[in-house]
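Source file: model-v1.txt; contents: compact mmCIF, C-alpha atoms.
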# COMPACT_ATOMS: atom_id res chain seq x y z
CA MET A 15 -5.32 3.67 -94.52
CA PRO A 16 -2.80 2.65 -97.19
CA ARG A 17 -4.34 1.06 -100.25
CA THR A 18 -3.13 -2.46 -100.80
CA ARG A 19 -1.72 -3.14 -104.23
CA ARG A 20 -4.01 -5.34 -106.31
CA LYS A 21 -2.44 -8.64 -107.29
CA ARG A 22 -1.51 -8.80 -110.94
CA ALA A 23 -1.63 -11.42 -113.65
CA ILE A 24 -0.44 -11.81 -117.21
CA VAL A 25 -3.10 -13.24 -119.53
CA LEU A 26 -2.15 -14.80 -122.87
CA LEU A 27 -4.89 -13.46 -125.10
CA SER A 28 -5.37 -14.76 -128.64
CA GLY A 29 -8.82 -13.35 -129.31
CA GLY A 30 -10.39 -16.81 -129.32
CA MET A 31 -13.06 -18.16 -126.99
CA ASP A 32 -10.79 -19.99 -124.58
CA SER A 33 -8.31 -17.20 -123.90
CA THR A 34 -11.12 -14.63 -123.61
CA THR A 35 -12.96 -16.80 -121.08
CA THR A 36 -9.65 -17.19 -119.24
CA LEU A 37 -9.28 -13.40 -119.04
CA TYR A 38 -12.74 -13.10 -117.50
CA ILE A 39 -11.88 -15.81 -114.96
CA ALA A 40 -8.68 -13.98 -113.97
CA LYS A 41 -10.64 -10.76 -113.52
CA LYS A 42 -13.29 -12.56 -111.48
CA ARG A 43 -10.50 -13.85 -109.22
CA GLY A 44 -9.53 -10.27 -108.49
CA TYR A 45 -6.42 -9.90 -110.64
CA ARG A 46 -5.44 -6.73 -112.38
CA CYS A 47 -4.75 -8.15 -115.85
CA HIS A 48 -1.97 -7.42 -118.30
CA CYS A 49 -2.81 -9.07 -121.61
CA LEU A 50 -0.12 -10.32 -123.93
CA ILE A 51 -1.15 -10.63 -127.58
CA PHE A 52 1.17 -12.21 -130.14
CA ASP A 53 1.48 -11.27 -133.76
CA TYR A 54 3.56 -14.23 -134.90
CA GLY A 55 2.74 -14.35 -138.56
CA GLN A 56 -0.58 -16.16 -138.27
CA ARG A 57 -2.08 -16.27 -141.71
CA HIS A 58 -4.74 -13.79 -140.74
CA ARG A 59 -4.83 -10.87 -138.36
CA ARG A 60 -8.48 -11.09 -137.43
CA GLU A 61 -7.68 -12.69 -134.09
CA ILE A 62 -5.18 -9.95 -133.14
CA LYS A 63 -7.86 -7.32 -133.77
CA SER A 64 -10.36 -9.31 -131.71
CA ALA A 65 -7.86 -9.69 -128.87
CA ALA A 66 -7.06 -5.96 -128.74
CA ARG A 67 -10.76 -5.09 -128.75
CA ILE A 68 -11.47 -7.47 -125.89
CA ALA A 69 -8.52 -6.16 -123.85
CA ARG A 70 -9.76 -2.59 -124.29
CA LEU A 71 -13.33 -3.59 -123.43
CA THR A 72 -12.18 -5.09 -120.12
CA LYS A 73 -9.98 -2.07 -119.40
CA SER A 74 -6.93 -4.34 -119.22
CA ASP A 75 -3.44 -3.16 -120.01
CA PHE A 76 -2.22 -4.97 -123.13
CA LYS A 77 0.88 -5.36 -125.25
CA VAL A 78 1.09 -6.71 -128.78
CA LEU A 79 4.38 -8.49 -129.34
CA ARG A 80 5.51 -9.12 -132.87
CA ILE A 81 7.72 -12.11 -133.46
CA LYS A 82 8.61 -13.67 -136.73
CA LEU A 83 10.04 -17.15 -136.64
CA PRO A 84 12.58 -17.39 -139.47
CA TRP A 85 11.99 -21.12 -139.75
CA GLY A 86 8.94 -23.08 -140.83
CA GLY A 87 7.27 -26.17 -139.54
CA SER A 88 3.59 -25.24 -139.35
CA SER A 89 0.69 -24.88 -141.77
CA LEU A 90 -0.51 -21.99 -139.60
CA LEU A 91 2.52 -19.92 -140.61
CA GLU A 92 3.32 -21.01 -144.12
CA LYS A 93 1.32 -19.44 -146.91
CA GLY A 94 1.80 -22.38 -149.25
CA GLN A 95 0.43 -25.02 -146.89
CA LYS A 96 -3.26 -25.85 -146.72
CA ILE A 97 -5.20 -25.62 -143.46
CA PRO A 98 -6.86 -29.02 -143.12
CA ALA A 99 -10.68 -29.00 -143.34
CA GLY A 100 -12.85 -30.98 -140.97
CA ARG A 101 -12.23 -32.22 -137.43
CA MET A 102 -8.69 -33.33 -136.64
CA LYS A 103 -7.80 -36.65 -135.18
CA ARG A 104 -7.04 -36.19 -131.50
CA ARG A 105 -3.80 -37.79 -130.24
CA VAL A 106 -2.08 -36.81 -133.47
CA ILE A 107 0.04 -33.67 -133.63
CA PRO A 108 -1.70 -31.57 -136.30
CA SER A 109 0.06 -29.66 -139.08
CA THR A 110 -1.06 -26.40 -137.44
CA TYR A 111 1.35 -27.16 -134.55
CA VAL A 112 3.91 -24.35 -134.35
CA PRO A 113 7.16 -25.74 -132.87
CA ALA A 114 7.43 -24.73 -129.20
CA ARG A 115 4.86 -21.95 -129.64
CA ASN A 116 3.40 -22.03 -126.14
CA ILE A 117 6.89 -22.36 -124.67
CA ILE A 118 7.86 -19.13 -126.43
CA PHE A 119 4.61 -17.40 -125.43
CA LEU A 120 4.96 -18.43 -121.80
CA SER A 121 8.61 -17.34 -121.74
CA PHE A 122 7.68 -13.83 -122.85
CA SER A 123 4.91 -13.86 -120.24
CA LEU A 124 7.49 -14.64 -117.59
CA SER A 125 9.54 -11.66 -118.67
CA PHE A 126 6.44 -9.45 -118.67
CA ALA A 127 5.45 -10.84 -115.25
CA GLU A 128 8.86 -9.97 -113.82
CA SER A 129 8.67 -6.50 -115.22
CA VAL A 130 5.20 -5.64 -113.80
CA GLY A 131 5.46 -7.77 -110.66
CA ALA A 132 2.74 -10.25 -111.62
CA GLU A 133 2.37 -13.43 -109.64
CA ALA A 134 0.35 -15.50 -112.10
CA ILE A 135 0.21 -16.25 -115.81
CA PHE A 136 -3.15 -17.32 -117.22
CA ILE A 137 -3.29 -19.47 -120.33
CA GLY A 138 -6.37 -20.89 -122.05
CA ALA A 139 -4.86 -24.35 -122.63
CA ASN A 140 -7.50 -27.01 -122.80
CA VAL A 141 -7.91 -30.77 -122.63
CA LEU A 142 -9.10 -30.87 -126.23
CA ASP A 143 -5.74 -29.54 -127.33
CA TYR A 144 -3.41 -31.53 -125.21
CA SER A 145 -3.70 -34.82 -126.96
CA GLY A 146 -2.51 -33.03 -130.07
CA TYR A 147 -0.25 -30.22 -128.89
CA PRO A 148 2.52 -31.25 -126.50
CA ASP A 149 2.82 -27.72 -125.10
CA CYS A 150 -0.76 -27.75 -123.77
CA ARG A 151 -0.41 -30.80 -121.53
CA PRO A 152 -0.79 -30.55 -117.76
CA SER A 153 2.60 -32.20 -117.17
CA PHE A 154 4.23 -29.63 -119.45
CA LEU A 155 2.58 -26.73 -117.63
CA ARG A 156 3.81 -28.05 -114.28
CA ALA A 157 7.33 -28.51 -115.67
CA PHE A 158 7.25 -24.96 -117.00
CA GLU A 159 6.24 -23.65 -113.58
CA ARG A 160 9.15 -25.47 -111.93
CA MET A 161 11.55 -24.10 -114.54
CA ALA A 162 10.20 -20.57 -113.96
CA LYS A 163 10.76 -20.93 -110.23
CA ARG A 164 14.46 -21.57 -110.89
CA GLY A 165 15.09 -19.19 -113.75
CA THR A 166 13.59 -15.88 -112.63
CA LYS A 167 14.60 -13.21 -110.15
CA ARG A 168 11.21 -13.47 -108.46
CA GLY A 169 11.42 -17.27 -108.29
CA VAL A 170 14.88 -17.47 -106.74
CA ALA A 171 13.92 -14.76 -104.26
CA GLY A 172 11.24 -17.13 -102.94
CA GLY A 173 8.33 -15.55 -104.83
CA ARG A 174 6.02 -17.49 -107.05
CA ILE A 175 4.87 -17.11 -110.62
CA SER A 176 2.15 -19.67 -111.10
CA ILE A 177 0.87 -20.94 -114.43
CA GLU A 178 -2.92 -20.98 -114.28
CA ALA A 179 -4.88 -22.93 -116.86
CA PRO A 180 -8.43 -22.80 -115.50
CA LEU A 181 -9.99 -24.38 -118.61
CA LEU A 182 -7.60 -27.31 -118.74
CA ARG A 183 -10.10 -30.07 -118.07
CA LYS A 184 -13.29 -28.45 -119.35
CA THR A 185 -15.23 -29.35 -122.48
CA LYS A 186 -16.15 -26.62 -124.95
CA LYS A 187 -19.71 -26.85 -123.67
CA GLU A 188 -18.61 -26.26 -120.07
CA ILE A 189 -16.37 -23.37 -121.15
CA ILE A 190 -19.24 -21.66 -122.96
CA GLU A 191 -21.62 -22.17 -120.03
CA LEU A 192 -19.08 -20.73 -117.59
CA GLY A 193 -18.29 -17.88 -119.97
CA CYS A 194 -21.96 -16.95 -120.31
CA LYS A 195 -22.22 -16.66 -116.52
CA LEU A 196 -19.19 -14.33 -116.57
CA LYS A 197 -20.71 -12.32 -119.44
CA VAL A 198 -17.88 -13.10 -121.85
CA PRO A 199 -18.60 -11.24 -125.12
CA TYR A 200 -18.28 -14.27 -127.39
CA MET A 201 -19.53 -12.33 -130.39
CA LEU A 202 -16.22 -10.45 -130.33
CA THR A 203 -14.06 -13.58 -130.27
CA TRP A 204 -12.56 -15.19 -133.33
CA SER A 205 -11.91 -18.91 -133.76
CA CYS A 206 -11.57 -19.68 -137.47
CA TYR A 207 -8.12 -20.70 -138.74
CA ARG A 208 -8.81 -19.02 -142.05
CA GLY A 209 -8.75 -15.24 -142.21
CA LEU A 210 -11.86 -14.56 -144.27
CA LYS A 211 -14.47 -11.91 -143.52
CA ARG A 212 -16.67 -14.46 -141.81
CA PRO A 213 -15.75 -17.79 -140.17
CA CYS A 214 -15.38 -20.51 -142.83
CA GLY A 215 -17.44 -22.99 -140.83
CA SER A 216 -15.40 -25.97 -142.05
CA CYS A 217 -11.99 -25.87 -140.30
CA ASP A 218 -11.32 -27.71 -137.05
CA ALA A 219 -11.65 -24.55 -134.95
CA CYS A 220 -15.00 -23.60 -136.49
CA LEU A 221 -16.40 -27.11 -136.07
CA LEU A 222 -15.29 -27.30 -132.43
CA ARG A 223 -16.88 -23.93 -131.73
CA GLU A 224 -20.14 -24.86 -133.40
CA LYS A 225 -20.30 -28.13 -131.45
CA GLY A 226 -19.71 -26.27 -128.18
CA PHE A 227 -22.54 -23.81 -128.76
CA ARG A 228 -24.87 -26.55 -129.95
CA GLU A 229 -24.20 -28.68 -126.87
CA ALA A 230 -24.66 -25.71 -124.56
CA GLY A 231 -28.00 -25.05 -126.26
CA LEU A 232 -26.91 -21.52 -127.18
CA GLU A 233 -26.72 -19.54 -130.33
CA ASP A 234 -23.37 -18.26 -131.64
CA TRP A 235 -24.01 -14.63 -132.47
CA ALA A 236 -20.62 -14.22 -134.13
CA ILE A 237 -21.54 -16.29 -137.15
CA ARG A 238 -25.00 -14.86 -137.78
CA MET B 7 26.67 -47.00 -148.72
CA PRO B 8 24.09 -44.50 -147.49
CA ARG B 9 25.55 -41.39 -145.89
CA THR B 10 24.51 -41.03 -142.29
CA ARG B 11 22.97 -37.67 -141.43
CA ARG B 12 25.25 -35.58 -139.27
CA LYS B 13 23.81 -34.79 -135.85
CA ARG B 14 22.73 -31.19 -135.50
CA ALA B 15 22.87 -28.60 -132.75
CA ILE B 16 21.53 -25.12 -132.16
CA VAL B 17 24.15 -22.74 -130.74
CA LEU B 18 23.14 -19.52 -129.00
CA LEU B 19 25.70 -17.10 -130.35
CA SER B 20 26.09 -13.62 -128.92
CA GLY B 21 29.43 -12.73 -130.44
CA GLY B 22 31.17 -12.80 -127.07
CA MET B 23 34.00 -15.06 -125.94
CA ASP B 24 31.92 -17.64 -124.13
CA SER B 25 29.35 -18.32 -126.83
CA THR B 26 32.04 -18.37 -129.53
CA THR B 27 34.09 -20.89 -127.57
CA THR B 28 30.90 -22.92 -127.11
CA LEU B 29 30.34 -22.96 -130.89
CA TYR B 30 33.85 -24.32 -131.42
CA ILE B 31 33.25 -27.01 -128.79
CA ALA B 32 30.01 -28.06 -130.51
CA LYS B 33 31.83 -28.28 -133.85
CA LYS B 34 34.63 -30.27 -132.24
CA ARG B 35 32.02 -32.72 -130.95
CA GLY B 36 30.92 -33.32 -134.52
CA TYR B 37 27.70 -31.32 -134.65
CA ARG B 38 26.48 -29.50 -137.67
CA CYS B 39 25.74 -26.13 -136.07
CA HIS B 40 22.81 -23.77 -136.56
CA CYS B 41 23.58 -20.50 -134.79
CA LEU B 42 20.84 -18.35 -133.33
CA ILE B 43 21.71 -14.69 -132.89
CA PHE B 44 19.37 -12.30 -131.09
CA ASP B 45 18.87 -8.66 -131.84
CA TYR B 46 16.88 -7.77 -128.74
CA GLY B 47 17.50 -4.08 -128.51
CA GLN B 48 20.90 -4.28 -126.85
CA ARG B 49 22.26 -0.78 -126.66
CA HIS B 50 24.85 -1.54 -129.29
CA ARG B 51 24.89 -3.77 -132.32
CA ARG B 52 28.59 -4.54 -132.32
CA GLU B 53 28.05 -7.96 -130.83
CA ILE B 54 25.46 -8.90 -133.49
CA LYS B 55 27.99 -8.04 -136.20
CA SER B 56 30.66 -10.08 -134.45
CA ALA B 57 28.33 -13.03 -134.09
CA ALA B 58 27.34 -13.04 -137.76
CA ARG B 59 31.01 -12.81 -138.80
CA ILE B 60 31.94 -15.76 -136.59
CA ALA B 61 29.03 -17.86 -137.86
CA ARG B 62 30.08 -17.21 -141.46
CA LEU B 63 33.73 -17.95 -140.67
CA THR B 64 32.81 -21.36 -139.26
CA LYS B 65 30.48 -22.05 -142.20
CA SER B 66 27.56 -22.47 -139.81
CA ASP B 67 24.01 -21.79 -140.81
CA PHE B 68 22.72 -18.82 -138.80
CA LYS B 69 19.55 -16.87 -138.17
CA VAL B 70 19.25 -13.41 -136.65
CA LEU B 71 16.05 -13.08 -134.69
CA ARG B 72 14.78 -9.64 -133.85
CA ILE B 73 12.70 -9.30 -130.74
CA LYS B 74 11.72 -6.13 -128.98
CA LEU B 75 10.47 -6.44 -125.45
CA PRO B 76 7.83 -3.74 -124.99
CA TRP B 77 8.57 -3.59 -121.26
CA GLY B 78 11.63 -2.48 -119.39
CA GLY B 79 13.52 -3.82 -116.45
CA SER B 80 17.16 -3.80 -117.55
CA SER B 81 19.92 -1.23 -117.93
CA LEU B 82 21.08 -3.21 -120.97
CA LEU B 83 17.92 -2.26 -122.85
CA GLU B 84 17.00 1.19 -121.58
CA LYS B 85 18.76 4.11 -123.11
CA GLY B 86 18.31 6.30 -120.03
CA GLN B 87 19.98 3.91 -117.60
CA LYS B 88 23.70 3.85 -116.92
CA ILE B 89 25.78 0.71 -117.40
CA PRO B 90 27.60 0.27 -114.10
CA ALA B 91 31.39 0.68 -114.27
CA GLY B 92 33.76 -1.70 -112.52
CA ARG B 93 33.35 -5.30 -111.43
CA MET B 94 29.92 -6.31 -110.20
CA LYS B 95 29.23 -7.92 -106.89
CA ARG B 96 28.65 -11.62 -107.49
CA ARG B 97 25.56 -13.11 -105.80
CA VAL B 98 23.62 -9.92 -106.52
CA ILE B 99 21.35 -9.70 -109.56
CA PRO B 100 22.87 -6.87 -111.63
CA SER B 101 20.91 -4.08 -113.32
CA THR B 102 21.94 -5.52 -116.70
CA TYR B 103 19.72 -8.55 -115.96
CA VAL B 104 17.04 -8.76 -118.67
CA PRO B 105 13.93 -10.44 -117.20
CA ALA B 106 13.77 -14.08 -118.35
CA ARG B 107 16.18 -13.42 -121.22
CA ASN B 108 17.79 -16.84 -121.38
CA ILE B 109 14.39 -18.48 -120.95
CA ILE B 110 13.20 -16.63 -124.05
CA PHE B 111 16.41 -17.40 -125.97
CA LEU B 112 16.27 -21.09 -125.08
CA SER B 113 12.58 -21.26 -126.02
CA PHE B 114 13.29 -19.96 -129.50
CA SER B 115 16.17 -22.44 -129.72
CA LEU B 116 13.74 -25.23 -128.95
CA SER B 117 11.51 -24.11 -131.79
CA PHE B 118 14.52 -23.87 -134.12
CA ALA B 119 15.72 -27.30 -132.95
CA GLU B 120 12.34 -28.86 -133.73
CA SER B 121 12.30 -27.29 -137.13
CA VAL B 122 15.78 -28.52 -138.21
CA GLY B 123 15.75 -31.75 -136.22
CA ALA B 124 18.54 -30.79 -133.82
CA GLU B 125 19.16 -32.90 -130.75
CA ALA B 126 21.15 -30.42 -128.66
CA ILE B 127 21.16 -26.74 -127.76
CA PHE B 128 24.49 -25.22 -126.79
CA ILE B 129 24.61 -22.21 -124.50
CA GLY B 130 27.67 -20.41 -123.14
CA ALA B 131 26.29 -20.06 -119.59
CA ASN B 132 29.06 -19.87 -117.04
CA VAL B 133 29.65 -20.19 -113.31
CA LEU B 134 30.68 -16.54 -113.11
CA ASP B 135 27.21 -15.52 -114.24
CA TYR B 136 25.08 -17.82 -112.25
CA SER B 137 25.47 -16.21 -108.91
CA GLY B 138 24.04 -13.09 -110.50
CA TYR B 139 21.72 -14.26 -113.24
CA PRO B 140 19.09 -16.83 -112.20
CA ASP B 141 18.70 -18.08 -115.76
CA CYS B 142 22.32 -19.25 -115.96
CA ARG B 143 22.20 -21.64 -112.99
CA PRO B 144 22.74 -25.37 -113.45
CA SER B 145 19.47 -26.18 -111.67
CA PHE B 146 17.63 -23.87 -114.06
CA LEU B 147 19.21 -25.48 -117.11
CA ARG B 148 18.20 -28.95 -115.89
CA ALA B 149 14.65 -27.73 -115.20
CA PHE B 150 14.51 -26.24 -118.70
CA GLU B 151 15.61 -29.55 -120.20
CA ARG B 152 12.86 -31.41 -118.33
CA MET B 153 10.28 -28.87 -119.48
CA ALA B 154 11.49 -29.23 -123.08
CA LYS B 155 11.11 -33.00 -122.86
CA ARG B 156 7.43 -32.55 -122.03
CA GLY B 157 6.56 -29.61 -124.24
CA THR B 158 7.94 -30.52 -127.66
CA LYS B 159 6.92 -32.90 -130.40
CA ARG B 160 10.38 -34.45 -130.36
CA GLY B 161 10.37 -34.79 -126.58
CA VAL B 162 7.00 -36.51 -126.29
CA ALA B 163 7.95 -38.84 -129.16
CA GLY B 164 10.78 -40.14 -126.98
CA GLY B 165 13.52 -38.04 -128.58
CA ARG B 166 15.84 -35.82 -126.66
CA ILE B 167 16.78 -32.18 -126.93
CA SER B 168 19.60 -31.69 -124.46
CA ILE B 169 20.78 -28.35 -123.13
CA GLU B 170 24.57 -28.32 -123.27
CA ALA B 171 26.52 -25.75 -121.28
CA PRO B 172 30.11 -26.95 -121.63
CA LEU B 173 31.61 -23.84 -119.98
CA LEU B 174 29.35 -23.95 -116.95
CA ARG B 175 32.00 -24.61 -114.33
CA LYS B 176 35.06 -23.12 -116.04
CA THR B 177 36.88 -19.93 -115.08
CA LYS B 178 37.55 -17.30 -117.74
CA LYS B 179 41.19 -18.43 -117.74
CA GLU B 180 40.21 -22.05 -118.43
CA ILE B 181 37.80 -20.96 -121.16
CA ILE B 182 40.50 -18.95 -122.91
CA GLU B 183 43.04 -21.77 -122.64
CA LEU B 184 40.55 -24.26 -124.07
CA GLY B 185 39.51 -21.80 -126.79
CA CYS B 186 43.10 -21.26 -127.86
CA LYS B 187 43.52 -25.02 -128.34
CA LEU B 188 40.39 -25.00 -130.52
CA LYS B 189 41.69 -21.97 -132.45
CA VAL B 190 38.81 -19.72 -131.44
CA PRO B 191 39.29 -16.35 -133.19
CA TYR B 192 38.99 -14.24 -130.05
CA MET B 193 40.00 -11.11 -131.91
CA LEU B 194 36.62 -11.23 -133.64
CA THR B 195 34.63 -11.53 -130.41
CA TRP B 196 33.08 -8.61 -128.61
CA SER B 197 32.60 -8.38 -124.84
CA CYS B 198 32.11 -4.71 -123.89
CA TYR B 199 28.66 -3.66 -122.64
CA ARG B 200 29.11 -0.24 -124.20
CA GLY B 201 28.85 0.08 -127.96
CA LEU B 202 31.85 2.31 -128.68
CA LYS B 203 34.34 1.80 -131.49
CA ARG B 204 36.74 0.10 -129.13
CA PRO B 205 36.06 -1.74 -125.84
CA CYS B 206 35.72 0.76 -122.97
CA GLY B 207 38.00 -1.22 -120.67
CA SER B 208 36.04 -0.26 -117.57
CA CYS B 209 32.71 -2.14 -117.59
CA ASP B 210 32.26 -5.49 -115.88
CA ALA B 211 32.52 -7.45 -119.13
CA CYS B 212 35.77 -5.71 -120.17
CA LEU B 213 37.36 -6.22 -116.76
CA LEU B 214 36.42 -9.91 -116.68
CA ARG B 215 37.85 -10.39 -120.15
CA GLU B 216 41.08 -8.62 -119.29
CA LYS B 217 41.49 -10.67 -116.11
CA GLY B 218 40.97 -13.88 -118.09
CA PHE B 219 43.63 -13.08 -120.65
CA ARG B 220 46.04 -11.91 -117.97
CA GLU B 221 45.62 -15.10 -115.95
CA ALA B 222 46.02 -17.25 -119.05
CA GLY B 223 49.24 -15.36 -119.77
CA LEU B 224 47.96 -14.35 -123.21
CA GLU B 225 47.52 -11.13 -125.03
CA ASP B 226 44.07 -9.92 -126.12
CA TRP B 227 44.49 -8.91 -129.73
CA ALA B 228 41.04 -7.38 -129.91
CA ILE B 229 41.94 -4.40 -127.76
CA ARG B 230 45.29 -3.55 -129.32

Just give me the structure of the file as structure tokens.
Amino acid sequence: MPRTRRKRAIVLLSGGMDSTTTLYIAKKRGYRCHCLIFDYGQRHRREIKSAARIARLTKSDFKVLRIKLPWGGSSLLEKGQKIPAGRMKRRVIPSTYVPARNIIFLSFSLSFAESVGAEAIFIGANVLDYSGYPDCRPSFLRAFERMAKRGTKRGVAGGRISIEAPLLRKTKKEIIELGCKLKVPYMLTWSCYRGLKRPCGSCDACLLREKGFREAGLEDWAIR
Amino acid sequence: MPRTRRKRAIVLLSGGMDSTTTLYIAKKRGYRCHCLIFDYGQRHRREIKSAARIARLTKSDFKVLRIKLPWGGSSLLEKGQKIPAGRMKRRVIPSTYVPARNIIFLSFSLSFAESVGAEAIFIGANVLDYSGYPDCRPSFLRAFERMAKRGTKRGVAGGRISIEAPLLRKTKKEIIELGCKLKVPYMLTWSCYRGLKRPCGSCDACLLREKGFREAGLEDWAIR
């Protein structure tokens, strides 16, 4: 009997909690996963290391893609700018917004998907982001999918490359609860915006993470 | 009297005839141009040199962005693969198709546009390409524009970043005639897919170029 080819997916993996949970969801759904990790001049490289470790742990193929934007516009990329401390106001685009970052990431994923014959792209975009970051919103993700349908070889041939954002409408608490069921190794993930040895505990990402664990009634092993 | 700020545009510049003509059209329309040149592992670097020379000549700001796709899928990127000689069949996706290339290029342009406050992105996409390359089709370009509206800071704030493809429905002859009126320095442009000292004269790009000049009744100084 001929073996059927397993369906494939590209997973955008940053090394954080959301993208790691998303990888485990894609695996659970039966996809063979190809992880795409970006080294785009983040101020620290901790998250790239975390991402590569997680990809290896799950026996996923992965590629690290290095891109350097020769223009500014984000406190996440510019060494001089300060990462704001404390929780950010939602519905305001924060200074850590990197112009068109997810658009660029998803575009590379499309190229990767065409090259390995993947039919889905998984992204950890989440409701908590999309008031602030335009390129996390559901209407953007749908528009990207329609554009992909028209602009790729697979799309015009009648195939589909879907954009899957399974965490889109979940709270951090729900994400952590789901992730624990899927045995996501959260102690290997990295959330902090600052690149110190241990999470700073005071930036927006750290505070969100702490709140999520607290609400789920779980302990965050990564910061012990 | 306060000086009004000149409107700005990003121009995707490859160093070929179409993108160079497009740059001159954008300038003619009054835009201050920021050229984006990609070094994406093309088999030759002649066209990058040409592009930089043209950008300098027109006193446009320009950035060269280096990206290396760590996956294959195109004879334009893989050293082992042969560039096909002779004219290509239209309506067939050629082996020189780079998966999602224009999607990636346009995505970086969006990021650049957000960072300099540009309201338009000019691309030299043309009717002759769009039977072969999905990411040159008018319906793709419109879908990209809609996606950009939803996925950028400028877009969600009610601003517009339009995708302008002024050559879309022109023949090579019409492009050359228009370019000559605008004093486009065609002798500085580079079309050949092969990276020899002089154009090979036998690849698809060379044959298309030759046909264009012949039909316009003009001489191509670049190949003398």

message: Let me make sure I understand: among B:Ser25, B:Ser20, B:Ser145, B:Thr195, which one has the smallest atom-to-atom distance to chain A if we use only C-alpha atoms?
response: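 Between B:Ser25, B:Ser20, B:Ser145, B:Thr195, the residue approaching chain A most closely is B:Ser145.
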
message: Taking (13.4, -21.0, -113.6) in the coordinates of the supplied file, I want to know which residues reach to within 12 Å of it, counting all atoms listed in the file; could you give the answer as an MDAnalysis selection string?
response: (chainID A and resid 121 124:125 128 156:176) or (chainID B and resid 105:110 112 139:153)

For the residues in that selection, give me C-alpha atoms as a PDB file, in the frame of the given file.
ATOM      1  CA  SER A 121       8.610 -17.340-121.740  1.00  0.00           C
ATOM      2  CA  LEU A 124       7.490 -14.640-117.590  1.00  0.00           C
ATOM      3  CA  SER A 125       9.540 -11.660-118.670  1.00  0.00           C
ATOM      4  CA  GLU A 128       8.860  -9.970-113.820  1.00  0.00           C
ATOM      5  CA  ARG A 156       3.810 -28.050-114.280  1.00  0.00           C
ATOM      6  CA  ALA A 157       7.330 -28.510-115.670  1.00  0.00           C
ATOM      7  CA  PHE A 158       7.250 -24.960-117.000  1.00  0.00           C
ATOM      8  CA  GLU A 159       6.240 -23.650-113.580  1.00  0.00           C
ATOM      9  CA  ARG A 160       9.150 -25.470-111.930  1.00  0.00           C
ATOM     10  CA  MET A 161      11.550 -24.100-114.540  1.00  0.00           C
ATOM     11  CA  ALA A 162      10.200 -20.570-113.960  1.00  0.00           C
ATOM     12  CA  LYS A 163      10.760 -20.930-110.230  1.00  0.00           C
ATOM     13  CA  ARG A 164      14.460 -21.570-110.890  1.00  0.00           C
ATOM     14  CA  GLY A 165      15.090 -19.190-113.750  1.00  0.00           C
ATOM     15  CA  THR A 166      13.590 -15.880-112.630  1.00  0.00           C
ATOM     16  CA  LYS A 167      14.600 -13.210-110.150  1.00  0.00           C
ATOM     17  CA  ARG A 168      11.210 -13.470-108.460  1.00  0.00           C
ATOM     18  CA  GLY A 169      11.420 -17.270-108.290  1.00  0.00           C
ATOM     19  CA  VAL A 170      14.880 -17.470-106.740  1.00  0.00           C
ATOM     20  CA  ALA A 171      13.920 -14.760-104.260  1.00  0.00           C
ATOM     21  CA  GLY A 172      11.240 -17.130-102.940  1.00  0.00           C
ATOM     22  CA  GLY A 173       8.330 -15.550-104.830  1.00  0.00           C
ATOM     23  CA  ARG A 174       6.020 -17.490-107.050  1.00  0.00           C
ATOM     24  CA  ILE A 175       4.870 -17.110-110.620  1.00  0.00           C
ATOM     25  CA  SER A 176       2.150 -19.670-111.100  1.00  0.00           C
TER      26      SER A 176
ATOM     27  CA  PRO B 105      13.930 -10.440-117.200  1.00  0.00           C
ATOM     28  CA  ALA B 106      13.770 -14.080-118.350  1.00  0.00           C
ATOM     29  CA  ARG B 107      16.180 -13.420-121.220  1.00  0.00           C
ATOM     30  CA  ASN B 108      17.790 -16.840-121.380  1.00  0.00           C
ATOM     31  CA  ILE B 109      14.390 -18.480-120.950  1.00  0.00           C
ATOM     32  CA  ILE B 110      13.200 -16.630-124.050  1.00  0.00           C
ATOM     33  CA  LEU B 112      16.270 -21.090-125.080  1.00  0.00           C
ATOM     34  CA  TYR B 139      21.720 -14.260-113.240  1.00  0.00           C
ATOM     35  CA  PRO B 140      19.090 -16.830-112.200  1.00  0.00           C
ATOM     36  CA  ASP B 141      18.700 -18.080-115.760  1.00  0.00           C
ATOM     37  CA  CYS B 142      22.320 -19.250-115.960  1.00  0.00           C
ATOM     38  CA  ARG B 143      22.200 -21.640-112.990  1.00  0.00           C
ATOM     39  CA  PRO B 144      22.740 -25.370-113.450  1.00  0.00           C
ATOM     40  CA  SER B 145      19.470 -26.180-111.670  1.00  0.00           C
ATOM     41  CA  PHE B 146      17.630 -23.870-114.060  1.00  0.00           C
ATOM     42  CA  LEU B 147      19.210 -25.480-117.110  1.00  0.00           C
ATOM     43  CA  ARG B 148      18.200 -28.950-115.890  1.00  0.00           C
ATOM     44  CA  ALA B 149      14.650 -27.730-115.200  1.00  0.00           C
ATOM     45  CA  PHE B 150      14.510 -26.240-118.700  1.00  0.00           C
ATOM     46  CA  GLU B 151      15.610 -29.550-120.200  1.00  0.00           C
ATOM     47  CA  ARG B 152      12.860 -31.410-118.330  1.00  0.00           C
ATOM     48  CA  MET B 153      10.280 -28.870-119.480  1.00  0.00           C
TER      49      MET B 153
END

message: As an exercise, work out the distance from CA of Ile81 in chain A to CA of Cys217 in chain A in Å and give it to one decimal place.
response: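 Calculated distance between CA of Ile81 in chain A and CA of Cys217 in chain A is 25.0 Å.
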
query: Which residue gives the smallest distance to Thr35 in chain A among A:Ala134, A:Asp234, A:Val141, A:Thr72, with only C-alpha atoms counted?
result: A:Thr72

- request: Could you jot down the CA of Leu50 in chain A to CA of Leu79 in chain A separation for me, Å, one decimal place?
  value: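 Going from CA of Leu50 in chain A over to CA of Leu79 in chain A, I get 7.3 Å.
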